[in-house]
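Next comes work-v3.cif, a file with mmCIF, C-alpha atoms and all ligand atoms.
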data_model
loop_
_atom_site.label_atom_id
_atom_site.label_comp_id
_atom_site.auth_asym_id
_atom_site.auth_seq_id
_atom_site.Cartn_x
_atom_site.Cartn_y
_atom_site.Cartn_z
CA MET A 1 0.00 0.00 0.00
CA GLU A 2 1.45 3.36 -1.12
CA LYS A 3 1.68 6.55 0.92
CA LEU A 4 -0.36 9.19 -0.89
CA LYS A 5 -0.88 12.58 0.76
CA LYS A 6 0.60 13.79 4.04
CA LEU A 7 -2.44 14.38 6.27
CA TYR A 8 -0.70 15.45 9.46
CA GLU A 9 2.74 15.87 10.96
CA GLY A 10 3.13 15.49 14.69
CA LYS A 11 6.14 15.65 16.99
CA ALA A 12 7.29 12.08 16.41
CA LYS A 13 5.21 10.80 13.50
CA LYS A 14 3.79 11.73 10.11
CA ILE A 15 0.45 10.41 8.88
CA TYR A 16 -0.31 9.69 5.22
CA SER A 17 -3.48 8.77 3.38
CA THR A 18 -3.59 5.63 1.23
CA GLU A 19 -5.81 4.56 -1.67
CA ASP A 20 -8.08 2.97 0.94
CA ASP A 21 -10.11 5.54 2.94
CA ASP A 22 -10.10 3.33 6.04
CA LYS A 23 -6.33 2.89 6.19
CA ILE A 24 -3.46 5.29 6.86
CA VAL A 25 0.33 4.99 7.02
CA VAL A 26 2.19 6.12 10.14
CA GLU A 27 5.79 7.15 9.48
CA TYR A 28 7.97 7.19 12.58
CA LYS A 29 10.45 10.11 12.76
CA ASP A 30 13.78 10.51 14.52
CA ASP A 31 12.59 13.84 16.02
CA ALA A 32 12.17 13.96 19.76
CA THR A 33 10.49 16.58 21.92
CA ALA A 34 9.94 16.96 25.64
CA PHE A 35 8.36 19.38 28.10
CA ASP A 36 5.47 20.37 25.81
CA GLY A 37 7.80 20.83 22.84
CA GLN A 38 10.17 23.22 24.66
CA LYS A 39 13.04 20.74 24.30
CA LYS A 40 13.69 19.55 20.77
CA GLY A 41 16.22 17.15 19.31
CA GLN A 42 16.86 14.10 17.20
CA ILE A 43 17.54 10.58 18.31
CA THR A 44 19.47 8.68 15.62
CA GLU A 45 17.41 5.82 14.17
CA LYS A 46 14.59 6.36 16.68
CA GLY A 47 11.99 6.14 13.90
CA LYS A 48 13.25 2.71 12.90
CA PHE A 49 13.46 1.43 16.49
CA ASN A 50 10.03 2.73 17.50
CA ALA A 51 8.25 1.44 14.38
CA GLU A 52 9.51 -2.06 15.12
CA ILE A 53 9.12 -1.89 18.92
CA SER A 54 5.56 -0.64 18.65
CA THR A 55 4.69 -3.27 16.04
CA ILE A 56 6.01 -6.04 18.33
CA PHE A 57 3.87 -4.76 21.22
CA PHE A 58 0.75 -4.36 19.08
CA GLU A 59 1.16 -7.88 17.63
CA LEU A 60 1.53 -9.24 21.17
CA LEU A 61 -1.64 -7.43 22.26
CA GLU A 62 -3.56 -8.68 19.21
CA GLU A 63 -2.50 -12.23 20.15
CA HIS A 64 -4.09 -11.59 23.54
CA GLY A 65 -7.37 -10.43 22.00
CA ILE A 66 -6.85 -6.66 22.37
CA PRO A 67 -8.27 -4.84 19.33
CA THR A 68 -5.60 -2.53 17.88
CA HIS A 69 -5.23 -0.38 14.78
CA LEU A 70 -2.23 -2.39 13.52
CA ILE A 71 -2.51 -3.88 10.04
CA LYS A 72 1.18 -4.44 9.20
CA GLN A 73 4.61 -2.87 9.18
CA LEU A 74 5.47 -1.88 5.60
CA ASN A 75 9.18 -1.05 5.91
CA GLU A 76 11.69 0.21 8.50
CA VAL A 77 9.70 3.32 9.46
CA ASP A 78 6.23 2.94 7.90
CA VAL A 79 3.35 1.08 9.52
CA LEU A 80 -0.05 0.56 7.91
CA VAL A 81 -2.90 1.03 10.38
CA LYS A 82 -6.66 1.26 10.52
CA LYS A 83 -7.88 4.85 10.47
CA LEU A 84 -9.48 5.78 13.79
CA GLU A 85 -11.23 8.80 15.19
CA ILE A 86 -8.88 9.35 18.11
CA ILE A 87 -10.55 10.03 21.45
CA PRO A 88 -8.79 13.14 22.84
CA VAL A 89 -7.97 11.49 26.15
CA GLU A 90 -4.53 10.12 26.98
CA VAL A 91 -4.65 7.14 29.31
CA VAL A 92 -1.62 6.73 31.56
CA MET A 93 -1.10 3.45 33.44
CA ARG A 94 1.41 3.27 36.25
CA ASN A 95 2.97 0.42 38.20
CA ILE A 96 5.88 2.27 39.82
CA ALA A 97 6.00 5.93 40.89
CA ALA A 98 7.97 8.18 38.53
CA GLY A 99 7.67 11.51 36.72
CA SER A 100 4.59 13.56 37.45
CA LEU A 101 3.06 11.00 39.83
CA ALA A 102 6.14 10.93 42.05
CA GLU A 103 5.94 14.71 42.18
CA ARG A 104 2.18 14.92 42.75
CA LEU A 105 2.10 12.39 45.58
CA GLY A 106 5.54 13.20 47.01
CA LEU A 107 6.77 9.66 46.40
CA GLU A 108 10.34 8.70 45.76
CA GLU A 109 10.88 7.62 42.15
CA GLY A 110 10.90 3.84 42.10
CA THR A 111 8.27 3.34 44.82
CA GLU A 112 6.16 0.35 43.79
CA LEU A 113 2.45 1.09 43.75
CA ASP A 114 0.16 -1.35 45.59
CA GLN A 115 -2.00 -1.60 42.49
CA PRO A 116 -1.84 -0.23 38.94
CA VAL A 117 -2.99 3.39 38.79
CA LEU A 118 -4.91 4.73 35.79
CA GLU A 119 -4.97 8.44 34.95
CA PHE A 120 -6.63 10.49 32.22
CA TYR A 121 -5.15 13.56 30.53
CA TYR A 122 -6.94 15.87 28.11
CA LYS A 123 -5.07 15.68 24.78
CA ASP A 124 -4.84 19.40 24.10
CA ASP A 125 -1.46 21.03 23.41
CA ASP A 126 -2.78 24.57 24.00
CA LEU A 127 -3.89 23.59 27.51
CA GLY A 128 -0.69 21.59 28.14
CA ASP A 129 -2.49 18.21 28.38
CA PRO A 130 -4.04 18.72 31.85
CA MET A 131 -4.99 15.80 34.06
CA ILE A 132 -8.75 15.21 34.04
CA ASN A 133 -11.22 12.78 35.58
CA GLU A 134 -14.26 10.91 34.30
CA TYR A 135 -16.62 13.78 35.12
CA HIS A 136 -14.55 16.18 33.00
CA ILE A 137 -14.61 13.63 30.16
CA GLN A 138 -18.40 13.37 30.41
CA THR A 139 -19.21 17.05 30.72
CA GLU A 140 -16.92 17.88 27.78
CA GLU A 141 -18.29 14.86 25.86
CA LEU A 142 -14.75 13.67 25.07
CA ALA A 143 -15.94 10.04 25.16
CA LYS A 144 -19.23 8.24 25.75
CA GLU A 145 -19.76 6.55 29.11
CA GLU A 146 -19.76 3.06 27.58
CA GLU A 147 -16.62 3.88 25.57
CA LEU A 148 -14.87 4.94 28.75
CA GLU A 149 -15.78 1.65 30.42
CA VAL A 150 -14.24 -0.28 27.49
CA ILE A 151 -11.13 1.92 27.54
CA LYS A 152 -10.55 1.37 31.26
CA GLU A 153 -10.99 -2.38 30.96
CA LEU A 154 -8.62 -2.55 27.96
CA ALA A 155 -5.99 -0.39 29.69
CA PHE A 156 -5.77 -2.75 32.69
CA GLU A 157 -5.69 -5.80 30.39
CA ILE A 158 -2.94 -4.23 28.26
CA ASN A 159 -0.93 -3.51 31.41
CA GLU A 160 -1.18 -7.14 32.50
CA VAL A 161 -0.08 -8.47 29.11
CA LEU A 162 2.84 -6.05 28.85
CA VAL A 163 4.06 -6.57 32.43
CA GLU A 164 4.08 -10.33 31.99
CA PHE A 165 5.94 -10.10 28.67
CA LEU A 166 8.48 -7.53 29.88
CA THR A 167 9.21 -9.20 33.21
CA ASP A 168 10.55 -12.11 31.19
CA LYS A 169 12.90 -9.68 29.39
CA ASP A 170 14.20 -8.19 32.67
CA ILE A 171 12.38 -4.91 32.04
CA ASP A 172 10.26 -3.08 34.64
CA LEU A 173 7.23 -1.41 33.05
CA VAL A 174 7.12 1.72 35.22
CA ASP A 175 4.37 3.60 33.37
CA PHE A 176 3.05 4.20 29.87
CA LYS A 177 0.59 6.21 27.83
CA LEU A 178 -2.17 4.84 25.60
CA GLU A 179 -4.51 6.41 23.08
CA PHE A 180 -7.73 4.85 21.86
CA GLY A 181 -9.97 5.62 18.91
CA VAL A 182 -13.22 4.62 17.29
CA ASP A 183 -13.39 2.94 13.90
CA VAL A 184 -16.29 4.80 12.31
CA THR A 185 -17.07 1.83 10.08
CA ASP A 186 -17.93 -0.47 13.01
CA GLY A 187 -18.18 1.97 15.95
CA LYS A 188 -15.73 -0.19 17.96
CA ILE A 189 -12.91 1.01 20.20
CA TYR A 190 -9.36 0.13 19.12
CA LEU A 191 -5.98 0.83 20.66
CA GLY A 192 -4.20 3.43 18.51
CA ASP A 193 -1.01 5.53 18.55
CA GLU A 194 2.18 3.70 19.63
CA ILE A 195 3.82 1.83 22.48
CA SER A 196 7.54 2.61 22.53
CA PRO A 197 10.33 4.07 24.68
CA ASP A 198 8.86 7.48 23.70
CA THR A 199 5.61 6.68 25.50
CA CYS A 200 6.69 4.25 28.23
CA ARG A 201 9.14 4.20 31.10
CA PHE A 202 11.25 1.05 30.93
CA TRP A 203 13.84 0.28 33.60
CA ASP A 204 16.31 -2.57 33.60
CA SER A 205 14.91 -4.85 36.34
CA LYS A 206 18.29 -5.49 37.93
CA THR A 207 20.26 -2.25 37.57
CA LYS A 208 17.18 0.07 37.33
CA LYS A 209 18.93 1.81 34.42
CA LYS A 210 16.46 3.92 32.43
CA LEU A 211 15.92 2.56 28.91
CA ASP A 212 13.48 5.15 27.56
CA LYS A 213 12.91 8.78 26.63
CA ASP A 214 13.84 9.97 30.13
CA ARG A 215 17.46 9.62 28.90
CA PHE A 216 16.63 12.40 26.39
CA ARG A 217 14.40 14.43 28.75
CA ARG A 218 17.00 14.42 31.53
CA ASP A 219 20.17 14.51 29.38
CA LEU A 220 21.40 11.16 30.66
CA GLY A 221 23.27 10.23 27.45
CA GLU A 222 23.25 6.88 25.62
CA VAL A 223 19.77 7.64 24.31
CA GLU A 224 20.02 5.66 21.04
CA ASN A 225 21.54 2.70 22.91
CA ALA A 226 18.53 2.55 25.21
CA TYR A 227 16.05 2.30 22.30
CA GLN A 228 18.27 -0.29 20.61
CA GLU A 229 18.56 -2.29 23.84
CA ILE A 230 14.76 -2.39 24.25
CA LEU A 231 14.33 -3.68 20.68
CA LYS A 232 17.06 -6.29 21.22
CA ARG A 233 15.42 -7.58 24.39
CA LEU A 234 11.95 -7.70 22.83
CA LYS A 235 13.33 -9.86 20.04
CA SER A 236 15.29 -12.15 22.37
N1 LIG B 301 3.64 10.23 28.35
C1 LIG B 301 3.56 10.30 26.98
N2 LIG B 301 3.10 11.45 26.40
C2 LIG B 301 2.73 12.53 27.12
C3 LIG B 301 2.83 12.47 28.53
C4 LIG B 301 3.30 11.31 29.12
O1 LIG B 301 3.85 9.33 26.28
O2 LIG B 301 2.31 13.54 26.53
C5 LIG B 301 4.12 8.99 29.00
C6 LIG B 301 5.52 9.16 29.60
O3 LIG B 301 6.49 8.73 28.68
C7 LIG B 301 5.47 8.23 30.79
C8 LIG B 301 4.00 8.26 31.23
O4 LIG B 301 3.27 8.71 30.09
O5 LIG B 301 5.80 6.92 30.40
C9 LIG B 301 3.73 9.13 32.42
O6 LIG B 301 4.26 10.42 32.22
P1 LIG B 301 4.24 11.52 33.37
O7 LIG B 301 2.83 11.89 33.68
O8 LIG B 301 5.06 11.04 34.51
O9 LIG B 301 4.84 12.79 32.69
P2 LIG B 301 6.34 13.24 32.45
O10 LIG B 301 7.10 13.07 33.72
O11 LIG B 301 6.82 12.33 31.36
O12 LIG B 301 6.19 14.64 32.02
#

Please express what this file holds, its structure, as structure tokens.
Ligand code: UDP
Amino acid sequence: MEKLKKLYEGKAKKIYSTEDDDKIVVEYKDDATAFDGQKKGQITEKGKFNAEISTIFFELLEEHGIPTHLIKQLNEVDVLVKKLEIIPVEVVMRNIAAGSLAERLGLEEGTELDQPVLEFYYKDDDLGDPMINEYHIQTEELAKEEELEVIKELAFEINEVLVEFLTDKDIDLVDFKLEFGVDVTDGKIYLGDEISPDTCRFWDSKTKKKLDKDRFRRDLGEVENAYQEILKRLKS
């Protein structure tokens, strides 16, 4: 399937139309941003690593019965996916305190949470993606009540599948962000966007070394190596 017209360019991906109205191509870029786009840079070969990493995760989730937008990876950086109407709510799942949760609750980074914690953020760059709750989602009609129920259930299931898979690879899944969308042709909810070191916190289980975008955010060095290491472990 050929890329036709560029429909949208985001911070880390470009989206293209195809000859089929229901399918789009996601092209993963090497560009990296952090802190609401204030920090900008490039991570060598990130596009290639993330396209493959995300495809591996989405295939794993499909095998476990999670509906996702994945159709197939086309080449190193291009992935063919089902076109979705993205619900403007980012779902963050957390197993270990880090980042904004550690700050909000005054927890030391690395504190294990007694149970997975789910959070919602309003996907709106102008507002800086504020944290919201289910009442905000309902009053702003960002998602229907029954859609939200499906999303919550899927998010916990996805967390279970990923934790089990990653534990075996000596990777702690600290937290991650998910986006869901509706396929207008069947009205069903599918997992969209990506699952990669850009959108997850991965720590080496033994050394607790960060193997994700925090290396870029916090100028820790060895950024490319971290993405490459994650891909290597997923394929092992
Ligand atoms: N995250 C993301 N996109 C965002 C915000 C967060 O992919 O716009 C991911 C982030 O990589 C981490 C998790 O969601 O894995 C939780 O992020 P947090 O709220 O701690 O924010 P941060 O500290 O990254 O600003």

Scan for residues within 12 Å of the point (7.2, 2.5, 24.5) in the coordinates of the file, using only C-alpha atoms, and reply as JSON, numbers by chain. {"A": [46, 49, 50, 51, 52, 53, 54, 55, 56, 57, 58, 162, 166, 171, 172, 173, 174, 175, 176, 177, 178, 193, 194, 195, 196, 197, 198, 199, 200, 201, 202, 203, 211, 212, 213, 214, 226, 227, 230, 231, 234]}

What does the file look like for those residues with C-alpha atoms, as a PDB file, in the coordinates of the input?
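The resulting out.pdb:
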ATOM      1  CA  LYS A  46      14.590   6.360  16.680  1.00  0.00           C
ATOM      2  CA  PHE A  49      13.460   1.430  16.490  1.00  0.00           C
ATOM      3  CA  ASN A  50      10.030   2.730  17.500  1.00  0.00           C
ATOM      4  CA  ALA A  51       8.250   1.440  14.380  1.00  0.00           C
ATOM      5  CA  GLU A  52       9.510  -2.060  15.120  1.00  0.00           C
ATOM      6  CA  ILE A  53       9.120  -1.890  18.920  1.00  0.00           C
ATOM      7  CA  SER A  54       5.560  -0.640  18.650  1.00  0.00           C
ATOM      8  CA  THR A  55       4.690  -3.270  16.040  1.00  0.00           C
ATOM      9  CA  ILE A  56       6.010  -6.040  18.330  1.00  0.00           C
ATOM     10  CA  PHE A  57       3.870  -4.760  21.220  1.00  0.00           C
ATOM     11  CA  PHE A  58       0.750  -4.360  19.080  1.00  0.00           C
ATOM     12  CA  LEU A 162       2.840  -6.050  28.850  1.00  0.00           C
ATOM     13  CA  LEU A 166       8.480  -7.530  29.880  1.00  0.00           C
ATOM     14  CA  ILE A 171      12.380  -4.910  32.040  1.00  0.00           C
ATOM     15  CA  ASP A 172      10.260  -3.080  34.640  1.00  0.00           C
ATOM     16  CA  LEU A 173       7.230  -1.410  33.050  1.00  0.00           C
ATOM     17  CA  VAL A 174       7.120   1.720  35.220  1.00  0.00           C
ATOM     18  CA  ASP A 175       4.370   3.600  33.370  1.00  0.00           C
ATOM     19  CA  PHE A 176       3.050   4.200  29.870  1.00  0.00           C
ATOM     20  CA  LYS A 177       0.590   6.210  27.830  1.00  0.00           C
ATOM     21  CA  LEU A 178      -2.170   4.840  25.600  1.00  0.00           C
ATOM     22  CA  ASP A 193      -1.010   5.530  18.550  1.00  0.00           C
ATOM     23  CA  GLU A 194       2.180   3.700  19.630  1.00  0.00           C
ATOM     24  CA  ILE A 195       3.820   1.830  22.480  1.00  0.00           C
ATOM     25  CA  SER A 196       7.540   2.610  22.530  1.00  0.00           C
ATOM     26  CA  PRO A 197      10.330   4.070  24.680  1.00  0.00           C
ATOM     27  CA  ASP A 198       8.860   7.480  23.700  1.00  0.00           C
ATOM     28  CA  THR A 199       5.610   6.680  25.500  1.00  0.00           C
ATOM     29  CA  CYS A 200       6.690   4.250  28.230  1.00  0.00           C
ATOM     30  CA  ARG A 201       9.140   4.200  31.100  1.00  0.00           C
ATOM     31  CA  PHE A 202      11.250   1.050  30.930  1.00  0.00           C
ATOM     32  CA  TRP A 203      13.840   0.280  33.600  1.00  0.00           C
ATOM     33  CA  LEU A 211      15.920   2.560  28.910  1.00  0.00           C
ATOM     34  CA  ASP A 212      13.480   5.150  27.560  1.00  0.00           C
ATOM     35  CA  LYS A 213      12.910   8.780  26.630  1.00  0.00           C
ATOM     36  CA  ASP A 214      13.840   9.970  30.130  1.00  0.00           C
ATOM     37  CA  ALA A 226      18.530   2.550  25.210  1.00  0.00           C
ATOM     38  CA  TYR A 227      16.050   2.300  22.300  1.00  0.00           C
ATOM     39  CA  ILE A 230      14.760  -2.390  24.250  1.00  0.00           C
ATOM     40  CA  LEU A 231      14.330  -3.680  20.680  1.00  0.00           C
ATOM     41  CA  LEU A 234      11.950  -7.700  22.830  1.00  0.00           C
TER      42      LEU A 234
END

Using atom CA of Val26 of chain A and atom CA of Lys188 of chain A as the two end points, give the distance in Å to one decimal.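 Those two atoms sit 20.5 Å apart.
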
Atom CA of Thr44 of chain A to atom CA of Met93 of chain A, straight-line distance in Å: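 Atom-to-atom, atom CA of Met93 of chain A and atom CA of Thr44 of chain A are spaced 27.7 Å apart.
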
So which one's closest to Arg217 of chain A, A:Ile15, A:Ile71, A:Ala32, A:Val25? Using all atoms listed in the file, please.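 Residue with the minimum atom-to-atom distance to Arg217 of chain A: A:Ala32.
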
Restrict the calculation to all atoms listed in the file, then for each residue of segment 95-125 of chain A with any atom at most 12 Å from an atom of segment 140-149 of chain A give the closest atom pair and their distance in Å to one decimal, rows by chain and rising residue number, as a tab-separated table.
residue	atom	partner	partner_atom	distance
A:Phe120	CA	A:Leu148	CA	10.5
A:Tyr121	CA	A:Leu142	CA	11.0
A:Tyr122	CA	A:Leu142	CA	8.7
A:Lys123	CA	A:Leu142	CA	9.9
A:Asp124	CA	A:Leu142	CA	11.5

So that all listed atoms of ligand LIG 301 (chain B) fit with 4 Å spare on each side, what axis-aligned box centre and edge lengths in Å, to one decimal, would you give as lines of an AutoDock Vina configuration file?
center_x = 4.7
center_y = 10.8
center_z = 30.4
size_x = 12.8
size_y = 15.7
size_z = 16.2

So, counting all atoms listed in the file, which residue among A:Pro67, A:Pro116, A:Gly181, A:Gly128 is closest to ligand LIG 301 (chain B)?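 Of all the options, A:Gly128 lies closest to ligand LIG 301 (chain B).
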
As an exercise, work out the distance from atom CA of Leu154 of chain A to atom CA of Asp22 of chain A in Å and give it to one decimal place.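 Pair atom CA of Leu154 of chain A / atom CA of Asp22 of chain A returns 22.7 Å.
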
Pull the neighbourhood of (13.4, -6.4, 35.6) for me: all residues within 6 Å in file coordinates, counting only C-alpha atoms, as a list in words.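 Residues close enough to count: Thr167, Asp170, Ile171, Asp172, Asp204, Ser205 and Lys206 of chain A.
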
Give me a file of those residues, with C-alpha atoms, as an mmCIF file, in the frame of the given file.
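Listing of part-v1.cif after writing:
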data_model
loop_
_atom_site.group_PDB
_atom_site.id
_atom_site.type_symbol
_atom_site.label_atom_id
_atom_site.label_comp_id
_atom_site.auth_asym_id
_atom_site.auth_seq_id
_atom_site.Cartn_x
_atom_site.Cartn_y
_atom_site.Cartn_z
ATOM 1 C CA THR A 167 9.210 -9.200 33.210
ATOM 2 C CA ASP A 170 14.200 -8.190 32.670
ATOM 3 C CA ILE A 171 12.380 -4.910 32.040
ATOM 4 C CA ASP A 172 10.260 -3.080 34.640
ATOM 5 C CA ASP A 204 16.310 -2.570 33.600
ATOM 6 C CA SER A 205 14.910 -4.850 36.340
ATOM 7 C CA LYS A 206 18.290 -5.490 37.930
#

Using only C-alpha atoms, determine which residues lie at most 12 Å from Asp125 of chain A, disregarding the query and same-chain residues fewer than 4 positions distant; provide the list as JSON, numbers by chain. {"A": [10, 11, 35, 36, 37, 38, 88, 89, 90, 121, 129, 130]}

Leaving out Lys13 of chain A and any residue of its chain fewer than 3 positions from it, which residues lie within 6 Å of it when counting only C-alpha atoms, given as a ChimeraX atom specification? /A:10,27-29

Measuring atom to atom with all atoms listed in the file, identify which of A:Val117, A:Leu101, A:Ile24, A:Val182 is nearest to ligand LIG 301 (chain B).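 Of A:Val117, A:Leu101, A:Ile24, A:Val182, the one nearest ligand LIG 301 (chain B) is A:Leu101, counting all atoms listed in the file.
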
Using only C-alpha atoms and all ligand atoms for the distances, tell me which of A:Val91, A:Ile137, A:Leu107, A:Ile86 is nearest to ligand LIG 301 (chain B).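 Once distances to ligand LIG 301 (chain B) are computed over only C-alpha atoms and all ligand atoms, the minimum belongs to A:Val91.
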
Choose the residue, out of A:Ile189, A:Ala102, A:Val163, A:Met1, that has the smallest atom-to-atom separation from Asp78 of chain A; count only C-alpha atoms.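 For Asp78 of chain A, the nearest of the candidates is A:Met1.
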
Nearest-residue call for ligand LIG 301 (chain B), choices A:Ala34, A:Val77, A:Leu113, A:Leu191, using only C-alpha atoms and all ligand atoms: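 Closest to ligand LIG 301 (chain B) of all the choices is A:Ala34.
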